[in-house]
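Visitor: Would you mind keeping the following structure in view while I ask a few things?
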Amino acid sequence: MKYDPEKHHRRSIRLKEYDYRLAGAYFVTIVAQDRECLFGDIANGEMQPNDAGQMVERWWIELRQKYPDILLDEYVVMPNHFHGIIGITVQMVPRANSPKSESSVGADLRVCPRTTASLNAMVQWFKTMSTNEYIQGVKQQGWRPFNRRLWQRNYYEHVIRNEQALDRIRDYIDQNPLMWMEDPENPVNNG
């Protein structure tokens, strides 16, 4: 099929002009391709992750090793999607003209308000690593195959702007398994 910009354009769901390397908290939702339920089941309002779901959780936690200037907050693996909060922390770095020693009293320091990696880079790394391990699980452990890709191309993100929003999102993540029957990501609701 020949590329047609009228049909094949991709619009970003990111905020225009926003630097996703800035310090702050971000809520992300990553959905399995075709909303396939590959990561476990909900039983009595609780997520019961299968081996693939446990693997997804491991790679989420591994983000902290890959990107040491982030904090991971509330998260949940759901049957066909993942919700989590990433906090990008503020770092102190010396200015170019300051002494090299960290122990220098009165060294000229400034706050570096962003990390070197963007939120998108972090999510892409997570998706890549979990996809690679899922492929191995299909080959070696008989996990259910997926259609072309494990995760949908994009992901949902929300910049968390204050403590009240953070508390609401934490509650949403915590309550998500209880709300599975009403969840828009539940394939039953997308008939």
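All residue names refer to the structure tokens as shown: chains lettered A, B, ... in order, residues numbered from 1 in each chain, ligands numbered from 1 in order.
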May I have the residues within 8 Å of region 117-120 of chain A as a VMD selection string, using only C-alpha atoms and disregarding those fewer than 3 positions away in the same chain?
Guide: chain A and resid 19 to 21 67 123 to 124
Visitor: Please identify all polymer residues within 9 Å of region 41-52 of chain A, counting only C-alpha atoms, omitting same-chain residues fewer than 4 positions from it, and present them as a list of chain:residue names.
Guide: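 The contact residues come out as A:Cys37, A:Val56, A:Glu57, A:Val76, A:Val77, A:Met78, A:Pro79, A:Ser130, A:Glu133, A:Tyr134, A:Gly137, A:Trp143, A:Gln175, A:Asn176, A:Pro177, A:Leu178, A:Met179, A:Trp180.
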Visitor: Would you output that residue set with C-alpha atoms, as a CSV table (one decimal), in the first residue's frame?
Guide:
```csv
chain,number,residue,atom,x,y,z
A,37,CYS,CA,-5.4,-10.6,27.8
A,56,VAL,CA,6.1,-7.3,33.0
A,57,GLU,CA,6.3,-6.3,36.6
A,76,VAL,CA,-0.5,-2.5,38.5
A,77,VAL,CA,-0.2,-5.1,35.9
A,78,MET,CA,-3.7,-5.8,34.5
A,79,PRO,CA,-4.8,-8.7,32.1
A,130,SER,CA,9.3,-6.9,28.1
A,133,GLU,CA,11.4,-11.6,27.1
A,134,TYR,CA,7.8,-12.3,26.1
A,137,GLY,CA,8.5,-17.1,26.9
A,143,TRP,CA,3.2,-18.5,26.5
A,175,GLN,CA,-8.7,0.1,42.6
A,176,ASN,CA,-8.2,-0.8,38.9
A,177,PRO,CA,-8.6,-4.6,39.5
A,178,LEU,CA,-11.8,-4.1,41.4
A,179,MET,CA,-13.2,-2.1,38.5
A,180,TRP,CA,-12.1,-4.6,35.7
```
Visitor: Would you please work out which residue, of A:Gln141, A:Asn154, A:Asn147, A:Asn162, is nearest to Ile30 (chain A) when using only C-alpha atoms?
Guide: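 Among A:Gln141, A:Asn154, A:Asn147, A:Asn162, it is A:Asn154 that comes nearest to Ile30 (chain A).
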Visitor: Quick one: everything within 9 Å of region 84-86 of chain A, counting only C-alpha atoms, minus sequence neighbours fewer than 5 positions away in the same chain. Send it as a ChimeraX atom specification.
Guide: /A:24-30,60,70-77,119,166,169-170,173
Visitor: Might you pull out every residue within 7 Å of Asn80 (chain A), with only C-alpha atoms counted and same-chain residues fewer than 6 positions away left off, and present them as a PyMOL selection string?
Guide: chain A and resi 31-32+35-39
Visitor: Rank A:Gly53, A:His83, A:Leu22, A:Glu163 by their smallest atom-to-atom distance to Asp69 (chain A), using only C-alpha atoms, and report the top residue only.
Guide: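 Looking at the shortest contact to Asp69 (chain A), the residue is A:Leu22.
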Visitor: Quick one: of A:Tyr172, A:Ala165, A:Val188, A:His81, who's nearest to Gln33 (chain A), counting only C-alpha atoms?
Guide: A:His81
Visitor: How far is it from CA of Leu63 (chain A) to CA of Trp125 (chain A), in Å with one decimal?
Guide: 8.2 Å
Visitor: Please, what distance in Å, to one decimal, runs between CA of Phe126 (chain A) and CA of Trp59 (chain A)?
Guide: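 For CA of Phe126 (chain A) relative to CA of Trp59 (chain A), the distance reads 6.3 Å.
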Visitor: If you run DSSP on this backbone, which residues of region 18-68 of chain A come out as helix (DSSP H, G or I), and could you give them as a VMD selection string?
Guide: chain A and resid 33 to 35 51 to 66
Visitor: Please determine, counting only C-alpha atoms, which residue among A:Arg64, A:Asp34, A:Arg168, A:Met122 has the shortest atom-to-atom distance to Arg148 (chain A).
Guide: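 Ranked by minimum distance to Arg148 (chain A), first place goes to A:Asp34.
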Visitor: Let's see if you can do this: from backbone DSSP, list all strand (DSSP E) residues in region 13-61 of chain A, as a ChimeraX atom specification.
Guide: /A:24-31,40-43,46-49
Visitor: Keeping only N, CA and C atoms, write the selected residues as a JSON list (two decimals), in the first residue's frame.
Guide:
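The file below, selection_34.json, is the result:
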```json
[["chain", "number", "residue", "atom", "x", "y", "z"],
["A", 24, "GLY", "N", 9.23, 15.66, 37.68],
["A", 24, "GLY", "CA", 7.81, 15.62, 38.00],
["A", 24, "GLY", "C", 7.31, 14.20, 37.99],
["A", 25, "ALA", "N", 6.02, 14.06, 38.18],
["A", 25, "ALA", "CA", 5.38, 12.75, 38.21],
["A", 25, "ALA", "C", 4.52, 12.56, 36.96],
["A", 26, "TYR", "N", 4.57, 11.36, 36.41],
["A", 26, "TYR", "CA", 3.86, 11.05, 35.17],
["A", 26, "TYR", "C", 3.10, 9.73, 35.35],
["A", 27, "PHE", "N", 1.85, 9.73, 34.95],
["A", 27, "PHE", "CA", 1.01, 8.53, 34.96],
["A", 27, "PHE", "C", 1.02, 7.97, 33.55],
["A", 28, "VAL", "N", 1.36, 6.69, 33.42],
["A", 28, "VAL", "CA", 1.37, 6.06, 32.10],
["A", 28, "VAL", "C", 0.47, 4.83, 32.10],
["A", 29, "THR", "N", -0.14, 4.61, 30.94],
["A", 29, "THR", "CA", -0.91, 3.39, 30.68],
["A", 29, "THR", "C", -0.40, 2.83, 29.37],
["A", 30, "ILE", "N", -0.03, 1.56, 29.41],
["A", 30, "ILE", "CA", 0.50, 0.87, 28.24],
["A", 30, "ILE", "C", -0.41, -0.33, 27.99],
["A", 31, "VAL", "N", -0.92, -0.45, 26.78],
["A", 31, "VAL", "CA", -1.94, -1.46, 26.47],
["A", 31, "VAL", "C", -1.38, -2.50, 25.52],
["A", 40, "GLY", "N", -2.48, -12.30, 32.74],
["A", 40, "GLY", "CA", -3.12, -12.90, 33.90],
["A", 40, "GLY", "C", -4.61, -12.66, 33.89],
["A", 41, "ASP", "N", -5.24, -12.88, 35.05],
["A", 41, "ASP", "CA", -6.68, -12.76, 35.18],
["A", 41, "ASP", "C", -7.04, -11.99, 36.44],
["A", 42, "ILE", "N", -8.25, -11.49, 36.48],
["A", 42, "ILE", "CA", -8.80, -10.87, 37.68],
["A", 42, "ILE", "C", -9.68, -11.91, 38.36],
["A", 43, "ALA", "N", -9.44, -12.14, 39.65],
["A", 43, "ALA", "CA", -10.26, -13.06, 40.44],
["A", 43, "ALA", "C", -10.61, -12.37, 41.75],
["A", 46, "GLU", "N", -8.99, -9.02, 42.42],
["A", 46, "GLU", "CA", -7.53, -8.95, 42.55],
["A", 46, "GLU", "C", -6.88, -9.48, 41.28],
["A", 47, "MET", "N", -5.82, -8.83, 40.87],
["A", 47, "MET", "CA", -5.06, -9.29, 39.71],
["A", 47, "MET", "C", -4.25, -10.52, 40.10],
["A", 48, "GLN", "N", -4.36, -11.55, 39.29],
["A", 48, "GLN", "CA", -3.59, -12.78, 39.45],
["A", 48, "GLN", "C", -2.64, -12.88, 38.25],
["A", 49, "PRO", "N", -1.45, -12.27, 38.35],
["A", 49, "PRO", "CA", -0.56, -12.29, 37.19],
["A", 49, "PRO", "C", -0.04, -13.69, 36.89]]
```
